[in-house]
There are 2 protein chains.
Amino acid sequence: MSSQTYHAIAHRKFKSLQSLIPKSWLLDPLPDPLPLDVRSLVSKSTVLTPDELSITSSYDVTSLSQLIHSRALTSEAVTTAFCKRAAIAQQLTNCLSEILFLPAIEQAHALDAEYKHTGKTRGPLHGIPISLKDTFNIKGYDSSIGIASLAGNPAKENAALVDILLEQGAVPFCKTNVSQTLMALDSHNHLFGRVLNPRNRRVTAGGSSGGEGALIAMRGSVLGIGTDIGGLGQEIGQLPGIDKLGLQGSAGLMTTSVRDCELFLKAIADANPWEKDPNVAFGSWEGQGEIGKKPLFGVLRADGITTPLPPVAKVLNETVEAVRNAGFEVVEINAPAFKKYHSLANSFFGIEGNNFPLDILERTGEPLIPWLNARLRRKKHADLIQLSELHVTKSALEKEMLQIWRDENGRMIDALICPVAPHPVPEIDRWNGVGYTSAFVVLDYPAGTLPVRDISNGDLKDELPESEVLGGWDLRNRDLCKPSTFIPSVFRPSYHSYMFQTFVYPFSSMDAVGNPILQVYADPSETGHPDINDRKIYLNTKLSVQVVAPRLQERRLYQAMALIDEILRGANSEIRARIQSRSTVA
Amino acid sequence: MSSQTYHAIAHRKFKSLQSLIPKSWLLDPLPDPLPLDVRSLVSKSTVLTPDELSITSSYDVTSLSQLIHSRALTSEAVTTAFCKRAAIAQQLTNCLSEILFLPAIEQAHALDAEYKHTGKTRGPLHGIPISLKDTFNIKGYDSSIGIASLAGNPAKENAALVDILLEQGAVPFCKTNVSQTLMALDSHNHLFGRVLNPRNRRVTAGGSSGGEGALIAMRGSVLGIGTDIGGLGQEIGQLPGIDKLGLQGSAGLMTTSVRDCELFLKAIADANPWEKDPNVAFGSWEGQGEIGKKPLFGVLRADGITTPLPPVAKVLNETVEAVRNAGFEVVEINAPAFKKYHSLANSFFGIEGNNFPLDILERTGEPLIPWLNARLRRKKHADLIQLSELHVTKSALEKEMLQIWRDENGRMIDALICPVAPHPVPEIDRWNGVGYTSAFVVLDYPAGTLPVRDISNGDLKDELPESEVLGGWDLRNRDLCKPSTFIPSVFRPSYHSYMFQTFVYPFSSMDAVGNPILQVYADPSETGHPDINDRKIYLNTKLSVQVVAPRLQERRLYQAMALIDEILRGANSEIRARIQSRSTVA
């Protein structure tokens, strides 16, 4: 098929999405030039009223729920405010894939009427607008996952999770943009374009749930559902059933407070999701583990494949020290099996030989995005013997990894603290290995990311200690802190071909026949950042840590995250207080 | 290889097993002829003292545990008693594969000393002798699973469950015989011979955990561990890892009282088995579901593949009526998806094309047992596309089956009552379809079998109502109640070839060079039962029902079973009382 096909579909999809945003919610014209951090443009525009700015800026689900319950706010007001802010987020970061603003506001109105009539809310999610990754089926809407040939084929039924959300009174109001094939680490595809990171448009928004992340960073949603890999009732762009032979996906959530994780997970568990989705394990929220009265933490500093860059090592250490200073013990965890997960995860991701996703892309002549173009190839799919061998390795490593949950004295480790990635949030298209997170996907351990603090100028000065290069992955990771090799030569060709393959809506305009004019986003000469090769690119990004618990112990994970977050916020305010007092004295 | 090879290995294994039974525990000579029901021979022999007869006959684990705890009994006395009785069971039913009598008695002695010294038992399993299916690895002992080429290769480490049992103070004292390849439904193989049903040697002991069943029916063990398919730390005689692509096995238990199920499952859950075996789901016993205060039961009367024969339909109905009479509601469950599980299970069992088990049999020239010879063929193994399709079907059916847990008014069904098989315990080698149990293996629903009552002469008189024959499986099932076709012609050839392929130890004697003389067991002319074609073969077997709960809700299953068992025992004693009072009046 001609490459026009996917262009035409993308154009139709774009126009259809645009038509679902009320004219008065458009930023027209967009500021020129756009700042690197677009978040402040929300309050600078007049799209949201002061009340709507406050609703979307100041609360988490827990507090919004209380305000709706006490009738201080209506769901309609809350939903309208988030729809408006999501519309702005879309214009600035290209984060949405489906827009349900109008039906969502109608649903919110009906929920308010129900509450008024019955005097009862349906629970803590009553009236709360919730965004979902494009993978989740919502009846009547596409689950195109950014692939042109899957567009124009609305889902015939809701994903089980969507049904549960509706029952609980939550208000799905948009679906969010993803990475092509869901396998890329930048949320970029030819149907919707690329999601931009609203804090710093030069760095990646990540993927495959990057649209959801960008939307929440814009506070265009207060709670979003993403995934690791696919799951029932979802479109995963893979051979149906293949997840059962390899890695099964699971839904996760992104919130603006840690306590919202418990509110949401408990609400879902209370709805008996296992009665709707056979992939969900039975168990009440209370039955999903807990940390001890005096919890013992483990720290896993490196995966043995890539040495964390200095800012990552530093923030991990700060977290460990803060936890220790708060009176809790943190022991060093040595997990020799951990490094084997890097290649095991890749083997599992590749069992189908990428034929299914490449087939559905080729239907409309849709090319691979640059990130995938350098990585995704058709292969023969694994046969039963190879698959069985992979599972033998997986089972053996699972058993070996059980040892990380006891320290050398046999005491139980309540939760593990480790890096999320070996580098800070990197430049667009430069996220490389995902071993620090994919290992826990393969292990099926619940894991969460806690933002710790912004990266500072000081963080950029540290050099990696002179240590052995661990291999190719480590070498590429080290490139990310050496300005001289900042854009490796292997990157340039795909970077240039990308200029002609993609378009980024916030920067596009329409030509005479309505086709988007292709514009490249991040060419250094155009963006006015000639010092792109400088580590300053990392400024205004968050440094985070990952917290991990054993399988099926989501509550134990939550409790560990809540404790560490409390400690960190305390520590941060102490640090802030110290800096402020120093300034005052000076 | 010559067929001598497996004969020689089997002979060595037989001699080695015999040598581990103390001479004074042998029934010498065996009664001739042996009765059909050999259970009474235990008390007729002088191997067990009256105390040992009482220990093994009168208690379950719960009461034995109390007696050990109160020091009324020692573990050594209890273990010795069960070792003796297991030795007799072995001589009469050929139920054992490995014998640990001496080390078990030593371990029991040490546990008694520990208790005396510390004043503390390790818990409710302290000092309780426990038998395990041959699949479970015990360090230093074979897990040959009845295959000659796997013999003589002692396990290098314990199965996770064995480690947990040892920690809890349980005393593994023997392993039990299985079916060849674990896929046959009679526990029969060329390494150990055939397990006989101690109640009625003409009917099957079932399989693959038939040795365990026979041992417990003899009260040669008070608690045994069997399996559905394989599991970690077990020898399953299949391509390693294949279980992860198809059906995963799970361990189950066989007890002499329902309450022992809770005692055991709680003891195991309390030992945090998920910390030792990554295949075990996290969750306390209390977190594994419960029945409601006024439980609602569902009855599934037929699978749509085979119509239950009259005695099976009758005992199911009696159970339902008893539950209703006790004041509980039982609703009829219609599950159209259920019949699809019959072929789905068979498809999954066959994904590897049987190459691995046939290879390990051929190493020593070991032929298939008759039951398998008619059924097991080498095939090409499934490819990734076929496997994925199977999983798509499985997932779709799983979702469909979720509907059985609500009645038409939306009320939750606490547990399901259904047949265990469409026929009573059948003649040797005549168990055919296993759809009524394999469906729940594929669904991963916990299920249990409750014996209801002995089959009666009256039960044998009923004819199947004139109804449509549902297909080949149904036709073969109907054969089991029509004496004229009782031994179908397709059965005879394999039956005769079996005469020259197997030997059954209780009937064998040694020839001059130490090879067992092959003797057929059940040739009608030799056993003195010319009326084998009569339904009377079913007399002195138990009729049972199956109870089923949703996935991961073992406690809900236990509670449902305990309630139904209580009702049935009440009903049975009422029936007994009524019969007795009638006799008195007459």
# chains A, B, ... in the order shown; residues from 1 in each chain; ligands from 1
call {"tool": "residues_around", "arguments": {"residues": "B:Val178", "least_positions_apart": "5", "cutoff": "7 Å", "atoms": "only C-alpha atoms", "output": "VMD selection string"}}
result
chain B and resid 134 145 to 146 187 to 188 207 to 211
call {"tool": "residues_around", "arguments": {"residues": "B:Thr74", "least_positions_apart": "6", "cutoff": "8 Å", "atoms": "only C-alpha atoms", "output": "ChimeraX atom specification"}}
result
/B:68,112,127
call {"tool": "closest_atom_pairs", "arguments": {"of": "chain A", "to": "chain B", "cutoff": "10 Å", "atoms": "only C-alpha atoms", "output": "Markdown table"}}
result
| residue | atom | partner | partner_atom | distance |
| --- | --- | --- | --- | --- |
| A:Leu232 | CA | B:Ser395 | CA | 8.7 |
| A:Leu239 | CA | B:Ser388 | CA | 7.4 |
| A:Pro240 | CA | B:Val392 | CA | 6.3 |
| A:Gly241 | CA | B:Ser388 | CA | 4.4 |
| A:Ile242 | CA | B:Ser388 | CA | 5.2 |
| A:Asp243 | CA | B:Ser388 | CA | 8.3 |
| A:Lys244 | CA | B:His391 | CA | 6.6 |
| A:Leu245 | CA | B:Leu245 | CA | 5.5 |
| A:Gly246 | CA | B:Leu245 | CA | 8.5 |
| A:Trp274 | CA | B:Leu402 | CA | 8.7 |
| A:Glu275 | CA | B:Leu402 | CA | 6.2 |
| A:Lys276 | CA | B:Leu402 | CA | 7.0 |
| A:Asp277 | CA | B:Lys399 | CA | 6.5 |
| A:Pro278 | CA | B:Lys399 | CA | 5.9 |
| A:Asn279 | CA | B:Ser395 | CA | 8.5 |
| A:Val280 | CA | B:Arg551 | CA | 9.8 |
| A:Ala281 | CA | B:Leu552 | CA | 7.3 |
| A:Phe282 | CA | B:Leu552 | CA | 6.0 |
| A:Gly283 | CA | B:Gly287 | CA | 6.6 |
| A:Ser284 | CA | B:Gly287 | CA | 7.4 |
| A:Trp285 | CA | B:Gly287 | CA | 9.9 |
| A:Glu286 | CA | B:Gly287 | CA | 8.5 |
| A:Gly287 | CA | B:Gly287 | CA | 5.6 |
| A:Gln288 | CA | B:Gly283 | CA | 7.2 |
| A:Gly289 | CA | B:Gly283 | CA | 7.8 |
| A:Ile351 | CA | B:Leu384 | CA | 8.6 |
| A:Glu352 | CA | B:Leu384 | CA | 7.6 |
| A:His381 | CA | B:Leu384 | CA | 7.2 |
| A:Ala382 | CA | B:Leu384 | CA | 6.8 |
| A:Asp383 | CA | B:Asp383 | CA | 5.8 |
| A:Leu384 | CA | B:Asp383 | CA | 6.0 |
| A:Ile385 | CA | B:Leu239 | CA | 8.2 |
| A:Gln386 | CA | B:Gly241 | CA | 9.7 |
| A:Leu387 | CA | B:Gly241 | CA | 7.9 |
| A:Ser388 | CA | B:Gly241 | CA | 4.4 |
| A:Glu389 | CA | B:Gly241 | CA | 6.2 |
| A:Leu390 | CA | B:Gly241 | CA | 7.6 |
| A:His391 | CA | B:Gly241 | CA | 5.1 |
| A:Val392 | CA | B:Gly241 | CA | 4.8 |
| A:Thr393 | CA | B:Gly241 | CA | 8.5 |
| A:Lys394 | CA | B:Gly241 | CA | 9.0 |
| A:Ser395 | CA | B:Pro278 | CA | 7.7 |
| A:Ala396 | CA | B:Pro278 | CA | 9.4 |
| A:Leu397 | CA | B:Pro278 | CA | 9.6 |
| A:Glu398 | CA | B:Pro278 | CA | 6.1 |
| A:Lys399 | CA | B:Pro278 | CA | 5.9 |
| A:Glu400 | CA | B:Pro278 | CA | 9.4 |
| A:Met401 | CA | B:Pro278 | CA | 9.1 |
| A:Leu402 | CA | B:Glu275 | CA | 6.2 |
| A:Gln403 | CA | B:Glu275 | CA | 8.2 |
| A:Trp405 | CA | B:Glu275 | CA | 8.0 |
| A:Arg406 | CA | B:Glu275 | CA | 9.3 |
| A:Met412 | CA | B:Glu275 | CA | 9.9 |
| A:Leu443 | CA | B:Pro278 | CA | 9.2 |
| A:Pro550 | CA | B:Phe282 | CA | 8.6 |
| A:Arg551 | CA | B:Phe282 | CA | 7.0 |
| A:Leu552 | CA | B:Phe282 | CA | 6.0 |
| A:Gln553 | CA | B:Phe282 | CA | 7.3 |
call {"tool": "residues_around", "arguments": {"residues": "A:Val315", "least_positions_apart": "6", "cutoff": "8 Å", "atoms": "only C-alpha atoms", "output": "list in words"}}
result
Val452, Leu543, Ser544 and Val545 of chain A
call {"tool": "write_last_selection", "arguments": {"atoms": "C-alpha atoms", "output": "PDB file, in the first residue's frame"}}
result
ATOM      1  CA  VAL A 452      12.470  12.416  44.892  1.00  0.00           C
ATOM      2  CA  LEU A 543      15.117  12.201  39.797  1.00  0.00           C
ATOM      3  CA  SER A 544      13.190   9.241  41.130  1.00  0.00           C
ATOM      4  CA  VAL A 545      13.661   5.954  42.906  1.00  0.00           C
TER       5      VAL A 545
END
call {"tool": "atom_distance", "arguments": {"atom1": "atom CA of A:Asp459", "atom2": "atom CA of A:Gly298"}}
result
24.2 Å
call {"tool": "residues_around", "arguments": {"residues": "B:Pro357", "least_positions_apart": "5", "cutoff": "8 Å", "atoms": "only C-alpha atoms", "output": "mmCIF file with N, CA and C atoms, in the first residue's frame"}}
result
data_model
loop_
_atom_site.group_PDB
_atom_site.id
_atom_site.type_symbol
_atom_site.label_atom_id
_atom_site.label_comp_id
_atom_site.auth_asym_id
_atom_site.auth_seq_id
_atom_site.Cartn_x
_atom_site.Cartn_y
_atom_site.Cartn_z
ATOM 1 N N THR B 181 3.842 -42.150 32.802
ATOM 2 C CA THR B 181 3.834 -40.791 32.216
ATOM 3 C C THR B 181 2.920 -39.827 32.974
ATOM 4 N N GLY B 237 8.183 -35.921 34.135
ATOM 5 C CA GLY B 237 8.358 -36.745 32.945
ATOM 6 C C GLY B 237 7.959 -36.030 31.677
ATOM 7 N N GLN B 238 8.055 -34.728 31.695
ATOM 8 C CA GLN B 238 7.679 -33.922 30.531
ATOM 9 C C GLN B 238 8.812 -32.951 30.228
ATOM 10 N N LEU B 239 8.785 -32.409 29.038
ATOM 11 C CA LEU B 239 9.760 -31.404 28.640
ATOM 12 C C LEU B 239 9.796 -30.298 29.697
#
call {"tool": "atom_distance", "arguments": {"atom1": "atom CA of B:Ala217", "atom2": "atom CA of B:Ala104"}}
result
21.0 Å
call {"tool": "closest_residue", "arguments": {"among": "A:Ala89, A:Ala184, A:Ile268, A:Ile455", "to": "A:Leu376", "atoms": "only C-alpha atoms"}}
result
A:Ala184
call {"tool": "atom_distance", "arguments": {"atom1": "atom CA of B:Phe348", "atom2": "atom CA of B:Phe136"}}
result
22.6 Å
call {"tool": "residues_around", "arguments": {"residues": "A:Gly435", "least_positions_apart": "2", "cutoff": "7 Å", "atoms": "only C-alpha atoms", "output": "mmCIF file with N, CA and C atoms, in the first residue's frame"}}
result
data_model
loop_
_atom_site.group_PDB
_atom_site.id
_atom_site.type_symbol
_atom_site.label_atom_id
_atom_site.label_comp_id
_atom_site.auth_asym_id
_atom_site.auth_seq_id
_atom_site.Cartn_x
_atom_site.Cartn_y
_atom_site.Cartn_z
ATOM 1 N N TYR A 341 18.190 -10.908 33.969
ATOM 2 C CA TYR A 341 16.845 -10.518 33.536
ATOM 3 C C TYR A 341 16.852 -9.608 32.319
ATOM 4 N N HIS A 342 17.961 -8.909 32.121
ATOM 5 C CA HIS A 342 18.021 -7.986 30.997
ATOM 6 C C HIS A 342 17.830 -8.743 29.682
ATOM 7 N N GLY A 433 18.380 0.766 27.533
ATOM 8 C CA GLY A 433 17.946 -0.441 28.260
ATOM 9 C C GLY A 433 16.888 -0.119 29.307
ATOM 10 N N THR A 437 13.555 -1.873 35.228
ATOM 11 C CA THR A 437 12.107 -2.064 35.389
ATOM 12 C C THR A 437 11.619 -3.369 34.754
ATOM 13 N N SER A 438 12.203 -3.753 33.605
ATOM 14 C CA SER A 438 11.691 -4.952 32.930
ATOM 15 C C SER A 438 11.935 -6.207 33.769
ATOM 16 N N ALA A 439 12.984 -6.184 34.597
ATOM 17 C CA ALA A 439 13.233 -7.347 35.457
ATOM 18 C C ALA A 439 12.016 -7.624 36.331
#
call {"tool": "residues_around", "arguments": {"residues": "A:Phe82", "least_positions_apart": "3", "cutoff": "9 Å", "atoms": "only C-alpha atoms", "output": "list of chain:residue names"}}
result
A:Glu52, A:Ile55, A:Thr56, A:Ala77, A:Val78, A:Thr79, A:Arg85, A:Ala86, A:Ala87, A:Pro129, A:Phe173, A:Arg219, A:Gly220, A:Ser221, A:Val222
call {"tool": "closest_residue", "arguments": {"among": "B:Asn158, B:Ser16, B:Asn197, B:Ser70", "to": "B:Leu92", "atoms": "only C-alpha atoms"}}
result
B:Asn197
call {"tool": "residues_around", "arguments": {"residues": "A:Leu185", "least_positions_apart": "5", "cutoff": "12 Å", "atoms": "only C-alpha atoms", "output": "ChimeraX atom specification"}}
result
/A:178-180,194-195,203-211,228-229,369-372,375,421,425-434,437-438
call {"tool": "write_last_selection", "arguments": {"atoms": "C-alpha atoms", "output": "PDB file, in the first residue's frame"}}
result
ATOM      1  CA  VAL A 178       1.364   5.545  23.409  1.00  0.00           C
ATOM      2  CA  SER A 179       4.501   4.364  21.683  1.00  0.00           C
ATOM      3  CA  GLN A 180       4.347   2.614  18.336  1.00  0.00           C
ATOM      4  CA  ARG A 194       4.990  12.215  19.507  1.00  0.00           C
ATOM      5  CA  VAL A 195       4.126  12.914  23.137  1.00  0.00           C
ATOM      6  CA  VAL A 203      13.653  15.035  27.025  1.00  0.00           C
ATOM      7  CA  THR A 204      11.480  12.009  26.451  1.00  0.00           C
ATOM      8  CA  ALA A 205       8.012  11.539  27.903  1.00  0.00           C
ATOM      9  CA  GLY A 206       8.868   7.858  28.146  1.00  0.00           C
ATOM     10  CA  GLY A 207       6.705   4.991  27.009  1.00  0.00           C
ATOM     11  CA  SER A 208       4.687   3.094  26.291  1.00  0.00           C
ATOM     12  CA  SER A 209       2.374   4.979  28.709  1.00  0.00           C
ATOM     13  CA  GLY A 210       3.962   8.378  27.945  1.00  0.00           C
ATOM     14  CA  GLY A 211       0.719  10.128  27.015  1.00  0.00           C
ATOM     15  CA  ASP A 228       3.199  -2.693  31.662  1.00  0.00           C
ATOM     16  CA  ILE A 229       2.655  -4.648  28.456  1.00  0.00           C
ATOM     17  CA  ILE A 369       9.524   5.220  14.210  1.00  0.00           C
ATOM     18  CA  PRO A 370      13.240   5.975  14.405  1.00  0.00           C
ATOM     19  CA  TRP A 371      13.669   4.419  17.837  1.00  0.00           C
ATOM     20  CA  LEU A 372      12.208   1.134  16.628  1.00  0.00           C
ATOM     21  CA  ARG A 375      15.884  -2.096  16.870  1.00  0.00           C
ATOM     22  CA  ALA A 421      16.758   3.614  35.168  1.00  0.00           C
ATOM     23  CA  VAL A 425      15.191  11.223  32.013  1.00  0.00           C
ATOM     24  CA  PRO A 426      17.114  11.258  28.720  1.00  0.00           C
ATOM     25  CA  GLU A 427      16.822  13.246  25.515  1.00  0.00           C
ATOM     26  CA  ILE A 428      14.126  12.181  23.061  1.00  0.00           C
ATOM     27  CA  ASP A 429      14.784   8.793  21.454  1.00  0.00           C
ATOM     28  CA  ARG A 430      17.746   8.064  23.669  1.00  0.00           C
ATOM     29  CA  TRP A 431      16.207   5.809  26.326  1.00  0.00           C
ATOM     30  CA  ASN A 432      18.048   2.585  25.944  1.00  0.00           C
ATOM     31  CA  GLY A 433      17.946  -0.441  28.260  1.00  0.00           C
ATOM     32  CA  VAL A 434      15.042  -0.921  30.643  1.00  0.00           C
ATOM     33  CA  THR A 437      12.107  -2.064  35.389  1.00  0.00           C
ATOM     34  CA  SER A 438      11.691  -4.952  32.930  1.00  0.00           C
TER      35      SER A 438
END
call {"tool": "select_by_dssp", "arguments": {"residues": "stretch 172-289 of chain B", "states": "strand (DSSP E)", "output": "PyMOL selection string"}}
result
chain B and resi 172-176+188-189+193-194+223-228+250-255
call {"tool": "write_last_selection", "arguments": {"atoms": "all heavy atoms", "output": "short mmCIF file (atom, residue, chain, number, x, y, z; two decimals), in the first residue's frame"}}
result
data_model
loop_
_atom_site.label_atom_id
_atom_site.label_comp_id
_atom_site.auth_asym_id
_atom_site.auth_seq_id
_atom_site.Cartn_x
_atom_site.Cartn_y
_atom_site.Cartn_z
N PRO B 172 7.93 -37.29 56.46
CA PRO B 172 7.72 -38.02 55.21
C PRO B 172 8.22 -39.46 55.39
O PRO B 172 9.37 -39.65 55.80
CB PRO B 172 8.57 -37.26 54.19
CG PRO B 172 8.83 -35.91 54.80
CD PRO B 172 8.85 -36.16 56.29
N PHE B 173 7.37 -40.43 55.12
CA PHE B 173 7.79 -41.81 55.41
C PHE B 173 7.69 -42.74 54.21
O PHE B 173 8.15 -43.88 54.26
CB PHE B 173 7.03 -42.37 56.61
CG PHE B 173 5.58 -42.68 56.36
CD1 PHE B 173 5.11 -44.00 56.36
CD2 PHE B 173 4.67 -41.67 56.11
CE1 PHE B 173 3.78 -44.29 56.13
CE2 PHE B 173 3.33 -41.95 55.87
CZ PHE B 173 2.89 -43.26 55.88
N CYS B 174 7.10 -42.29 53.11
CA CYS B 174 7.11 -43.08 51.90
C CYS B 174 6.67 -42.22 50.72
O CYS B 174 6.08 -41.16 50.91
CB CYS B 174 6.18 -44.30 52.01
SG CYS B 174 4.47 -43.88 52.37
N LYS B 175 7.01 -42.67 49.51
CA LYS B 175 6.47 -42.05 48.31
C LYS B 175 5.61 -43.10 47.60
O LYS B 175 5.79 -44.30 47.79
CB LYS B 175 7.59 -41.55 47.39
CG LYS B 175 8.46 -40.48 48.06
CD LYS B 175 8.95 -39.42 47.09
CE LYS B 175 9.85 -39.98 46.04
NZ LYS B 175 10.27 -38.91 45.08
N THR B 176 4.69 -42.61 46.79
CA THR B 176 3.65 -43.52 46.30
C THR B 176 3.60 -43.61 44.79
O THR B 176 3.96 -42.69 44.06
CB THR B 176 2.28 -43.08 46.86
OG1 THR B 176 2.09 -41.69 46.59
CG2 THR B 176 2.18 -43.33 48.34
N HIS B 188 -0.45 -47.42 36.93
CA HIS B 188 0.11 -48.66 36.41
C HIS B 188 1.33 -48.30 35.59
O HIS B 188 1.28 -47.39 34.76
CB HIS B 188 -0.97 -49.30 35.52
CG HIS B 188 -0.54 -50.56 34.83
ND1 HIS B 188 -1.12 -51.00 33.68
CD2 HIS B 188 0.43 -51.46 35.14
CE1 HIS B 188 -0.54 -52.12 33.29
NE2 HIS B 188 0.40 -52.42 34.17
N ASN B 189 2.44 -48.99 35.84
CA ASN B 189 3.66 -48.74 35.06
C ASN B 189 4.55 -49.97 35.13
O ASN B 189 4.29 -50.90 35.91
CB ASN B 189 4.38 -47.50 35.60
CG ASN B 189 4.76 -47.66 37.06
OD1 ASN B 189 5.62 -48.48 37.40
ND2 ASN B 189 4.09 -46.92 37.95
N GLY B 193 4.74 -51.77 38.60
CA GLY B 193 3.52 -52.54 38.43
C GLY B 193 2.30 -51.68 38.70
O GLY B 193 2.39 -50.45 38.72
N ARG B 194 1.18 -52.36 38.92
CA ARG B 194 -0.11 -51.67 39.01
C ARG B 194 -0.56 -51.51 40.46
O ARG B 194 -0.46 -52.44 41.26
CB ARG B 194 -1.16 -52.48 38.25
CG ARG B 194 -2.54 -51.85 38.24
CD ARG B 194 -3.60 -52.78 37.72
NE ARG B 194 -3.53 -53.02 36.29
CZ ARG B 194 -4.04 -52.22 35.36
NH1 ARG B 194 -4.63 -51.10 35.72
NH2 ARG B 194 -3.94 -52.53 34.09
N LEU B 223 -2.41 -38.83 55.96
CA LEU B 223 -2.46 -37.65 55.10
C LEU B 223 -1.45 -37.82 53.98
O LEU B 223 -0.27 -38.11 54.23
CB LEU B 223 -2.15 -36.38 55.90
CG LEU B 223 -2.49 -35.05 55.20
CD1 LEU B 223 -2.89 -33.99 56.22
CD2 LEU B 223 -1.36 -34.53 54.34
N GLY B 224 -1.90 -37.64 52.76
CA GLY B 224 -1.02 -37.81 51.62
C GLY B 224 -1.10 -36.64 50.67
O GLY B 224 -2.13 -35.97 50.58
N ILE B 225 0.00 -36.42 49.95
CA ILE B 225 0.04 -35.33 48.98
C ILE B 225 0.04 -35.92 47.59
O ILE B 225 0.92 -36.71 47.24
CB ILE B 225 1.30 -34.46 49.15
CG1 ILE B 225 1.59 -34.18 50.61
CG2 ILE B 225 1.17 -33.18 48.34
CD1 ILE B 225 0.60 -33.32 51.30
N GLY B 226 -0.95 -35.54 46.80
CA GLY B 226 -0.99 -35.92 45.40
C GLY B 226 -0.87 -34.67 44.54
O GLY B 226 -0.56 -33.59 45.05
N THR B 227 -1.08 -34.80 43.26
CA THR B 227 -1.01 -33.63 42.39
C THR B 227 -2.03 -33.75 41.27
O THR B 227 -2.52 -34.83 40.95
CB THR B 227 0.36 -33.50 41.68
OG1 THR B 227 0.53 -34.62 40.80
CG2 THR B 227 1.50 -33.44 42.66
N ASP B 228 -2.35 -32.62 40.70
CA ASP B 228 -2.93 -32.58 39.37
C ASP B 228 -1.82 -32.07 38.47
O ASP B 228 -1.38 -30.93 38.62
CB ASP B 228 -4.13 -31.63 39.34
CG ASP B 228 -5.43 -32.39 39.23
OD1 ASP B 228 -5.40 -33.50 38.68
OD2 ASP B 228 -6.46 -31.89 39.69
N SER B 250 -0.65 -28.57 40.29
CA SER B 250 -0.69 -28.09 41.65
C SER B 250 -0.81 -29.29 42.58
O SER B 250 -1.33 -30.32 42.20
CB SER B 250 -1.85 -27.13 41.86
OG SER B 250 -3.06 -27.79 41.61
N ALA B 251 -0.29 -29.10 43.77
CA ALA B 251 -0.34 -30.16 44.77
C ALA B 251 -1.69 -30.13 45.46
O ALA B 251 -2.29 -29.08 45.63
CB ALA B 251 0.78 -29.98 45.78
N GLY B 252 -2.16 -31.30 45.82
CA GLY B 252 -3.40 -31.38 46.59
C GLY B 252 -3.23 -32.40 47.69
O GLY B 252 -2.21 -33.07 47.75
N LEU B 253 -4.22 -32.51 48.54
CA LEU B 253 -4.03 -33.45 49.64
C LEU B 253 -5.20 -34.41 49.74
O LEU B 253 -6.29 -34.15 49.26
CB LEU B 253 -3.81 -32.72 50.96
CG LEU B 253 -4.95 -31.93 51.55
CD1 LEU B 253 -4.65 -31.68 53.02
CD2 LEU B 253 -5.10 -30.61 50.84
N MET B 254 -4.89 -35.56 50.34
CA MET B 254 -5.90 -36.58 50.59
C MET B 254 -5.88 -36.84 52.08
O MET B 254 -4.82 -37.08 52.65
CB MET B 254 -5.54 -37.85 49.83
CG MET B 254 -5.47 -37.61 48.33
SD MET B 254 -5.06 -39.13 47.45
CE MET B 254 -4.16 -38.43 46.08
N THR B 255 -7.05 -36.78 52.67
CA THR B 255 -7.13 -36.89 54.12
C THR B 255 -8.21 -37.87 54.50
O THR B 255 -8.98 -38.33 53.66
CB THR B 255 -7.50 -35.52 54.73
OG1 THR B 255 -8.77 -35.14 54.22
CG2 THR B 255 -6.48 -34.45 54.38
#
call {"tool": "select_by_dssp", "arguments": {"residues": "stretch 208-455 of chain A", "states": "helix (DSSP H, G or I)", "output": "PyMOL selection string"}}
result
chain A and resi 210-217+242-244+258-270+273-275+310-325+336-349+355-362+370-373+384-405+435-443
